[in-house]
Every structure is written in C-alpha cells, then in structure tokens.
$ cat protein.csv   # CSV, C-alpha atoms
chain,number,residue,atom,x,y,z
A,1,MET,CA,-71.9,-33.5,-188.4
A,2,THR,CA,-72.5,-29.8,-188.6
A,3,THR,CA,-70.1,-26.9,-187.9
A,4,LYS,CA,-72.2,-26.1,-184.8
A,5,GLU,CA,-71.7,-29.6,-183.4
A,6,LEU,CA,-68.0,-29.5,-184.1
A,7,ILE,CA,-67.7,-26.1,-182.3
A,8,ASP,CA,-69.6,-27.5,-179.3
A,9,LYS,CA,-67.8,-30.9,-179.1
A,10,LEU,CA,-64.3,-29.5,-179.6
A,11,GLY,CA,-64.5,-26.1,-178.0
A,12,LEU,CA,-63.7,-24.3,-181.2
A,13,GLU,CA,-64.0,-20.5,-181.3
A,14,PRO,CA,-66.0,-19.1,-184.2
A,15,LEU,CA,-64.4,-15.9,-185.4
A,16,SER,CA,-66.4,-14.9,-188.5
A,17,LYS,CA,-70.2,-14.7,-189.0
A,18,PHE,CA,-71.5,-17.6,-191.0
A,19,GLU,CA,-74.4,-20.0,-191.5
A,20,HIS,CA,-73.8,-23.5,-190.1
A,21,ARG,CA,-73.5,-26.3,-192.5
A,22,GLU,CA,-72.7,-30.0,-192.7
A,23,VAL,CA,-69.1,-31.1,-192.6
A,24,ASN,CA,-68.2,-34.2,-194.6
A,25,GLY,CA,-64.5,-34.7,-194.1
A,26,VAL,CA,-61.2,-33.1,-193.2
A,27,PHE,CA,-58.5,-31.6,-195.4
A,28,ILE,CA,-55.1,-30.5,-193.9
A,29,SER,CA,-52.8,-28.2,-195.8
A,30,ASP,CA,-51.0,-24.9,-195.5
A,31,MET,CA,-50.6,-24.4,-199.2
A,32,LEU,CA,-53.3,-22.8,-201.3
A,33,SER,CA,-52.4,-24.8,-204.4
A,34,ASP,CA,-52.9,-28.0,-202.4
A,35,VAL,CA,-56.3,-26.8,-201.2
A,36,MET,CA,-57.5,-25.7,-204.6
A,37,THR,CA,-56.5,-29.0,-206.1
A,38,GLY,CA,-57.4,-31.4,-203.4
A,39,ALA,CA,-60.0,-30.1,-200.9
A,40,GLN,CA,-63.6,-31.0,-201.6
A,41,THR,CA,-66.9,-29.2,-201.0
A,42,GLY,CA,-68.0,-29.5,-197.4
A,43,ASN,CA,-64.5,-30.3,-196.0
A,44,LEU,CA,-63.2,-28.8,-192.8
A,45,TRP,CA,-59.9,-27.2,-193.8
A,46,LEU,CA,-57.2,-27.2,-191.1
A,47,THR,CA,-54.4,-24.7,-191.5
A,48,ILE,CA,-52.1,-22.3,-189.7
A,49,GLN,CA,-52.3,-19.8,-192.5
A,50,THR,CA,-54.2,-16.7,-191.5
A,51,GLN,CA,-53.8,-14.1,-194.3
A,52,LYS,CA,-57.0,-13.0,-196.1
A,53,HIS,CA,-56.3,-15.0,-199.2
A,54,ILE,CA,-57.3,-18.1,-197.4
A,55,VAL,CA,-60.9,-16.8,-197.7
A,56,PRO,CA,-61.2,-16.8,-201.5
A,57,ALA,CA,-59.2,-20.1,-201.6
A,58,ALA,CA,-61.7,-21.6,-199.2
A,59,ASN,CA,-64.6,-20.2,-201.1
A,60,LEU,CA,-63.3,-21.4,-204.5
A,61,VAL,CA,-63.5,-25.0,-203.3
A,62,ASP,CA,-66.5,-24.4,-201.0
A,63,VAL,CA,-65.1,-25.9,-197.8
A,64,ALA,CA,-67.5,-26.0,-194.9
A,65,ALA,CA,-65.1,-24.1,-192.6
A,66,ILE,CA,-61.5,-23.0,-192.1
A,67,LEU,CA,-60.1,-24.1,-188.8
A,68,VAL,CA,-57.0,-22.2,-187.8
A,69,THR,CA,-55.0,-24.3,-185.4
A,70,GLY,CA,-52.3,-23.8,-182.9
A,71,GLY,CA,-53.8,-20.6,-181.5
A,72,LYS,CA,-52.6,-18.6,-184.5
A,73,GLU,CA,-54.0,-15.1,-184.4
A,74,VAL,CA,-56.3,-14.4,-187.3
A,75,PRO,CA,-56.1,-10.7,-188.5
A,76,GLN,CA,-59.3,-8.8,-188.4
A,77,ASP,CA,-59.3,-8.1,-192.1
A,78,THR,CA,-59.3,-11.9,-192.7
A,79,ILE,CA,-62.3,-12.3,-190.3
A,80,ASP,CA,-64.1,-9.3,-191.9
A,81,LEU,CA,-63.7,-10.7,-195.4
A,82,ALA,CA,-64.9,-14.1,-194.3
A,83,SER,CA,-67.9,-12.6,-192.6
A,84,ARG,CA,-68.8,-10.6,-195.7
A,85,PHE,CA,-68.9,-13.8,-197.8
A,86,ASN,CA,-70.4,-16.2,-195.2
A,87,ILE,CA,-67.2,-18.2,-194.8
A,88,ALA,CA,-66.7,-19.9,-191.4
A,89,ILE,CA,-63.4,-19.3,-189.7
A,90,LEU,CA,-62.9,-21.2,-186.5
A,91,SER,CA,-60.0,-21.2,-184.1
A,92,SER,CA,-58.4,-23.6,-181.7
A,93,LYS,CA,-55.4,-23.4,-179.5
A,94,LEU,CA,-54.8,-27.1,-180.0
A,95,PRO,CA,-52.1,-28.1,-182.5
A,96,THR,CA,-53.1,-29.7,-185.7
A,97,PHE,CA,-52.0,-33.2,-184.7
A,98,GLU,CA,-54.2,-33.2,-181.6
A,99,LEU,CA,-57.2,-31.8,-183.4
A,100,VAL,CA,-56.9,-34.3,-186.2
A,101,GLY,CA,-57.0,-37.1,-183.5
A,102,LYS,CA,-60.1,-35.7,-182.0
A,103,LEU,CA,-61.8,-35.2,-185.4
A,104,TYR,CA,-61.0,-38.8,-186.3
A,105,ALA,CA,-62.4,-40.0,-183.0
A,106,LEU,CA,-65.6,-38.1,-183.9
A,107,GLY,CA,-65.9,-40.1,-187.1
A,108,LEU,CA,-64.6,-37.5,-189.5
A,109,GLY,CA,-62.1,-39.3,-191.6
A,110,GLY,CA,-60.1,-38.0,-194.5
A,111,LYS,CA,-61.8,-36.6,-197.6
B,1,MET,CA,-68.6,-33.8,-228.7
B,2,ALA,CA,-70.8,-30.9,-229.4
B,3,ASP,CA,-73.8,-32.1,-227.5
B,4,CYS,CA,-72.0,-32.9,-224.3
B,5,ARG,CA,-72.8,-30.7,-221.4
B,6,HIS,CA,-69.4,-31.5,-219.8
B,7,ARG,CA,-68.7,-32.6,-216.3
B,8,TRP,CA,-65.3,-31.3,-215.6
B,9,ASP,CA,-62.5,-32.8,-213.5
B,10,MET,CA,-59.1,-31.2,-212.9
B,11,THR,CA,-56.4,-33.2,-214.7
B,12,ASP,CA,-52.6,-33.0,-215.4
B,13,THR,CA,-52.0,-30.9,-212.3
B,14,ARG,CA,-48.5,-29.4,-212.2
B,15,PHE,CA,-47.2,-27.7,-209.1
B,16,GLY,CA,-44.6,-25.0,-209.4
B,17,PHE,CA,-44.1,-21.3,-209.2
B,18,VAL,CA,-45.5,-18.2,-210.9
B,19,VAL,CA,-42.5,-15.9,-211.5
B,20,PHE,CA,-43.1,-12.2,-211.8
B,21,GLU,CA,-40.3,-10.2,-213.5
B,22,LYS,CA,-40.0,-6.5,-214.2
B,23,CYS,CA,-37.8,-4.6,-216.6
B,24,TYR,CA,-36.5,-1.5,-214.9
B,25,HIS,CA,-35.7,0.0,-218.3
B,26,CYS,CA,-39.2,0.0,-219.8
B,27,ASN,CA,-41.3,-1.0,-216.7
B,28,THR,CA,-42.7,-4.1,-218.5
B,29,ILE,CA,-44.0,-6.9,-216.3
B,30,ARG,CA,-43.8,-10.4,-217.5
B,31,THR,CA,-44.8,-13.7,-215.8
B,32,PHE,CA,-44.3,-17.3,-216.4
B,33,PHE,CA,-44.8,-20.6,-214.7
B,34,SER,CA,-41.7,-22.5,-213.6
B,35,THR,CA,-41.2,-25.9,-212.2
B,36,GLU,CA,-37.6,-25.0,-211.3
B,37,GLU,CA,-36.9,-25.6,-207.7
B,38,THR,CA,-37.5,-22.3,-205.9
B,39,PRO,CA,-36.7,-19.7,-208.6
B,40,VAL,CA,-34.3,-17.1,-207.1
B,41,LEU,CA,-35.9,-13.8,-206.1
B,42,TRP,CA,-34.2,-10.6,-207.1
B,43,ASP,CA,-32.2,-12.6,-209.7
B,44,LYS,CA,-31.2,-10.0,-212.4
B,45,TYR,CA,-30.3,-10.5,-216.0
B,46,ARG,CA,-30.2,-8.6,-219.3
B,47,GLU,CA,-32.1,-9.7,-222.4
B,48,GLY,CA,-31.6,-7.3,-225.3
B,49,ASP,CA,-32.6,-3.8,-224.1
B,50,CYS,CA,-34.4,-5.2,-221.1
B,51,PHE,CA,-33.0,-5.5,-217.6
B,52,TRP,CA,-35.1,-8.1,-215.9
B,53,SER,CA,-35.4,-8.5,-212.2
B,54,ARG,CA,-37.6,-11.1,-210.4
B,55,VAL,CA,-39.9,-9.2,-208.1
B,56,GLU,CA,-42.2,-12.0,-206.9
B,57,VAL,CA,-42.2,-15.7,-206.8
B,58,ALA,CA,-45.5,-17.4,-205.8
B,59,GLN,CA,-46.1,-21.1,-205.2
B,60,SER,CA,-48.9,-22.1,-207.5
B,61,PHE,CA,-50.1,-24.8,-209.9
B,62,GLN,CA,-51.3,-25.4,-213.4
B,63,PHE,CA,-54.0,-27.7,-214.6
B,64,ASP,CA,-56.2,-28.8,-217.4
B,65,LEU,CA,-59.9,-29.7,-217.3
B,66,LYS,CA,-61.2,-33.0,-218.6
B,67,CYS,CA,-64.8,-33.9,-219.2
B,68,ALA,CA,-65.7,-37.1,-217.3
B,69,ASP,CA,-68.3,-37.9,-219.9
B,70,CYS,CA,-66.8,-37.3,-223.3
B,71,ALA,CA,-63.0,-37.1,-222.3
B,72,HIS,CA,-62.6,-33.7,-224.0
B,73,ILE,CA,-59.7,-31.9,-222.5
B,74,GLU,CA,-59.5,-28.1,-222.2
B,75,LYS,CA,-56.0,-26.9,-221.6
B,76,PHE,CA,-55.3,-24.0,-219.2
B,77,GLY,CA,-51.5,-23.6,-219.6
B,78,ASP,CA,-52.3,-19.9,-220.4
B,79,LEU,CA,-53.9,-19.3,-217.0
B,80,MET,CA,-51.6,-17.5,-214.5
B,81,GLY,CA,-53.9,-17.5,-211.6
B,82,PHE,CA,-57.0,-16.0,-209.9
B,83,LEU,CA,-57.2,-12.7,-208.2
B,84,PHE,CA,-59.9,-11.6,-205.8
B,85,CYS,CA,-61.1,-8.1,-205.6
B,86,THR,CA,-60.5,-6.1,-202.4
B,87,SER,CA,-62.8,-3.2,-203.5
B,88,CYS,CA,-60.0,-0.7,-203.9
B,89,MET,CA,-61.6,1.2,-206.8
B,90,ASP,CA,-65.3,2.0,-206.6
B,91,ASP,CA,-65.6,2.6,-210.4
B,92,CYS,CA,-63.8,-0.6,-211.4
B,93,GLU,CA,-65.9,-3.0,-213.4
B,94,VAL,CA,-64.8,-5.9,-211.2
B,95,GLU,CA,-65.9,-4.1,-208.0
B,96,LYS,CA,-69.2,-3.2,-209.7
B,97,LEU,CA,-69.8,-6.8,-210.7
B,98,GLN,CA,-68.8,-8.0,-207.2
B,99,LYS,CA,-71.4,-5.7,-205.6
B,100,LYS,CA,-74.0,-6.7,-208.1
B,101,HIS,CA,-73.6,-10.4,-207.5
B,102,GLU,CA,-72.9,-10.3,-203.8
B,103,LYS,CA,-76.6,-10.4,-202.8
B,104,ASP,CA,-76.9,-13.6,-204.9
B,105,ARG,CA,-73.9,-15.0,-203.0
B,106,THR,CA,-71.9,-15.2,-206.2
B,107,TRP,CA,-68.2,-14.5,-205.8
B,108,VAL,CA,-66.4,-12.8,-208.6
B,109,LEU,CA,-62.8,-13.9,-209.2
B,110,VAL,CA,-60.5,-12.5,-211.9
B,111,ALA,CA,-58.6,-14.8,-214.2
B,112,PHE,CA,-55.2,-13.7,-215.3
B,113,GLY,CA,-53.1,-15.0,-218.2
B,114,HIS,CA,-49.4,-14.6,-218.4
B,115,PHE,CA,-48.0,-11.2,-219.2
B,116,PRO,CA,-47.2,-9.8,-221.7
B,117,GLU,CA,-48.9,-12.4,-224.0
B,118,VAL,CA,-52.3,-12.0,-222.4
B,119,LYS,CA,-52.6,-8.4,-223.4
B,120,LYS,CA,-52.6,-9.4,-227.1
B,121,ASN,CA,-54.3,-12.8,-226.5
B,122,PRO,CA,-56.6,-12.6,-223.5
B,123,ILE,CA,-58.1,-15.8,-222.2
B,124,PRO,CA,-61.2,-16.2,-224.3
B,125,GLN,CA,-64.6,-15.9,-222.7
B,126,ARG,CA,-65.4,-19.5,-223.7
B,127,LYS,CA,-62.6,-20.7,-221.4
B,128,LEU,CA,-63.6,-18.3,-218.6
B,129,ASP,CA,-67.1,-19.8,-218.8
B,130,ILE,CA,-65.6,-23.3,-218.6
B,131,LEU,CA,-63.7,-22.3,-215.4
B,132,THR,CA,-66.9,-20.9,-214.0
B,133,ASP,CA,-68.7,-24.1,-214.8
B,134,TYR,CA,-66.0,-26.2,-213.3
B,135,PHE,CA,-65.9,-24.4,-209.9
B,136,ASN,CA,-69.6,-24.3,-209.7
B,137,GLN,CA,-69.9,-28.0,-210.5
B,138,ARG,CA,-67.5,-28.6,-207.6
B,139,ARG,CA,-69.7,-26.8,-205.0
B,140,ASP,CA,-73.1,-26.7,-203.5
B,141,THR,CA,-74.5,-23.9,-205.7
B,142,SER,CA,-77.6,-23.7,-203.5
B,143,ARG,CA,-75.3,-21.9,-201.0
B,144,SER,CA,-73.1,-19.8,-203.2
B,145,ARG,CA,-71.7,-19.6,-206.7
B,146,VAL,CA,-68.5,-18.5,-208.4
B,147,LYS,CA,-68.1,-16.3,-211.5
B,148,ILE,CA,-64.8,-16.1,-213.3
B,149,VAL,CA,-64.1,-12.9,-215.2
B,150,SER,CA,-61.3,-11.5,-217.3
B,151,PHE,CA,-58.5,-9.2,-215.9
B,152,GLU,CA,-59.5,-6.8,-218.8
B,153,LEU,CA,-62.3,-5.6,-216.6
B,154,ILE,CA,-59.9,-4.1,-214.0
B,155,LYS,CA,-60.0,-0.4,-214.4
B,156,ASP,CA,-56.4,0.5,-213.6
B,157,LEU,CA,-54.1,-2.5,-213.3
B,158,PRO,CA,-51.1,-0.6,-211.7
B,159,ARG,CA,-53.4,0.7,-209.0
B,160,CYS,CA,-55.2,-2.5,-208.4
B,161,LYS,CA,-54.8,-3.9,-204.9
B,162,GLY,CA,-56.5,-7.2,-205.6
B,163,VAL,CA,-54.8,-10.2,-204.1
B,164,PHE,CA,-53.8,-13.3,-206.0
B,165,ILE,CA,-54.8,-16.6,-204.6
B,166,HIS,CA,-51.4,-18.1,-204.4
B,167,ASP,CA,-48.7,-18.4,-201.7
B,168,VAL,CA,-45.9,-16.0,-201.3
B,169,GLY,CA,-43.2,-15.8,-198.7
B,170,MET,CA,-43.5,-19.5,-197.7
B,171,LEU,CA,-39.8,-19.7,-197.0
B,172,SER,CA,-39.6,-16.6,-194.8
B,173,GLU,CA,-39.6,-17.0,-191.0
B,174,GLU,CA,-42.6,-14.8,-190.6
B,175,PRO,CA,-45.5,-14.6,-193.0
B,176,PRO,CA,-45.6,-11.3,-194.9
B,177,LYS,CA,-47.9,-8.8,-193.2
B,178,GLU,CA,-49.2,-7.4,-196.4
B,179,ARG,CA,-48.7,-8.3,-200.0
B,180,LYS,CA,-47.3,-5.6,-202.2
B,181,PRO,CA,-49.1,-5.2,-205.6
B,182,VAL,CA,-47.0,-6.6,-208.4
B,183,PHE,CA,-48.3,-4.5,-211.4
$ encode --input "protein.csv" --output "structure tokens"
Amino acid sequence: MTTKELIDKLGLEPLSKFEHREVNGVFISDMLSDVMTGAQTGNLWLTIQTQKHIVPAANLVDVAAILVTGGKEVPQDTIDLASRFNIAILSSKLPTFELVGKLYALGLGGK
Amino acid sequence: MADCRHRWDMTDTRFGFVVFEKCYHCNTIRTFFSTEETPVLWDKYREGDCFWSRVEVAQSFQFDLKCADCAHIEKFGDLMGFLFCTSCMDDCEVEKLQKKHEKDRTWVLVAFGHFPEVKKNPIPQRKLDILTDYFNQRRDTSRSRVKIVSFELIKDLPRCKGVFIHDVGMLSEEPPKERKPVF
C-alpha cells in the first residue's frame, strides 16, 4: 500500500511535500531512541511528537512517512524541514489507538 | 575477517540518558551516558576546582554494530549522538557538505563523541564510515542516502545551532518550544 492510498483511505492530511512510496508496516513510538533502534525502512511511524528533530530521526531510519496523530499541531519549521528533504509528514485528528485499528484492518500489521 | 564486506546489525542496545554538565568556573562542557533512572537536572557538585552543574539530560541509547556475516563487533560506546545541521552558519564545513550533497539526496549528520575526551580522541574516520555504511544498509539507497561526518567539521561549536537527535523535556507537561544550544 502506498502513502497515497493511505491518505485517500484514511482521510489523512499531507503536510509536507514528498514523493509517494510504498508502506510496509507500522511503528508506533514517541521516543526517538525507540524509533532509531526499532523502526524499519518503509514503516509508517505514528507519533504525537512534532518538533523538527523527528525529521532527521525519520530520515535516519528511512520510514515511509511520519503520521502525527491526535490532531497535534505540527510547527511550520518541522514541515519545512521535512519538505526540504522529501520526508512525508501526515496528520490525523484521530487518536493513535483508533488509527492503529484502521491500519490493521487495511492489512498493515506490525513491522 | 579482512575480506568481509560487513553487513551490520545493531546489537547490545542500551537505553539511558546523555547527561550534559558544565563547569561555571572554567566553562568546560562534559558529557556522559548514564543508565541511572532520570539523572537530576541542575544537580550541582564540586570536583576539584570544577563546579559542575547538569544543564541538559536527554533520553538516548548506546549500541554496537555486529556483522551478520563474520560476527565482527564494532563498539560505539564512544558515540554520544547525532546532530543535524540547521544551516546556521553559511561558512561552516558541515553546511557546505549538506548543500553539496542535498541534490544527490544525501543527508549529512554529525557524529559526536563524549566531551571532553573526544577533543583529544575524536571518533576515527573508519568508525564514521562504518556508521555511514550501517545506516545506508538499513535504507533504500535509491531514494536517499546518509553520510556521517565528524563534529570537528563544525566551524564554531559554541555558536552551532544544530539539533541533537535525542529526546529532551519528556517529563515536562508541555514539549519545549525550542531547544537551547548546549555548547
């Protein structure tokens, strides 16, 4: 499933400029150390963190996209940094628990 | 194994904190990795002529790399963390490298060792190359790549506004709006 398909199926809001790519799993964490040790390339990373350091963390492990949940506001400098480096930041007002349920129903299991 | 091209996996991962301390007598900064439960911020103590105060505590981790083919282990206990460049100084070598590699979709990240030891014994280029290899092996390099460089390329460390890729302020009610530079 691609990031475009996920956006369409789940009503996600794309915040940054990026090229769509295949998503192969889901990783949920709000700790960068956890992401850097555990997330895998092509994962969709769900988090409520919005500071700009999520962008290099996401890039270091090459996640397919960052999905900021719970309607958390993402600062413009985070969005700009992500756009500069082709990192997808998506947003949803839904809480993480509900989103995970929907992702699982779409066939995207854990990593 | 000299011939091995090494396929790296992260191993012996340890979660903890990077503690940044400053001596207000001589302005020296020092850092260390601690697995102590939540090191106390602003803790002050004297050590010889130095009056140390903890100025930052960041949740982080340490790791080693192990080759999946030959089982060779490369230890990275000397690695403090990675910093990404925020383009704060046009004439900084890191910024110049970042601009040079951006069109090739290569991210430049700066590896720091622990202070003050790293000033005398910087992380050798061989190990920085291994880190670069590891993070590139972990990704689809047809889309983008990573290049790990030494902190020695930073033009003026006290003025650097680069941001470390670690978590601070996780125990505060509101996330910090902006990170203050630690050097």
$ interface_residues --input "protein.csv" --of "chain A" --to "chain B" --cutoff "10 Å" --atoms "only C-alpha atoms" --output "PyMOL selection string"
chain A and resi 19+21+30-34+36-38+40-42+49-57+59-63+75+81+84-86
$ atom_distance --input "protein.csv" --atom1 "atom CA of B:Glu117" --atom2 "atom CA of B:Val149"
17.6 Å
$ closest_residue --input "protein.csv" --among "B:Asp78, B:Asp9, B:Asp3, B:Asp133" --to "B:Leu65" --atoms "only C-alpha atoms"
B:Asp9
$ atom_distance --input "protein.csv" --atom1 "atom CA of A:Ile79" --atom2 "atom CA of A:Lys4"
17.9 Å
$ atom_distance --input "protein.csv" --atom1 "atom CA of B:Ser142" --atom2 "atom CA of A:Ala65"
16.6 Å
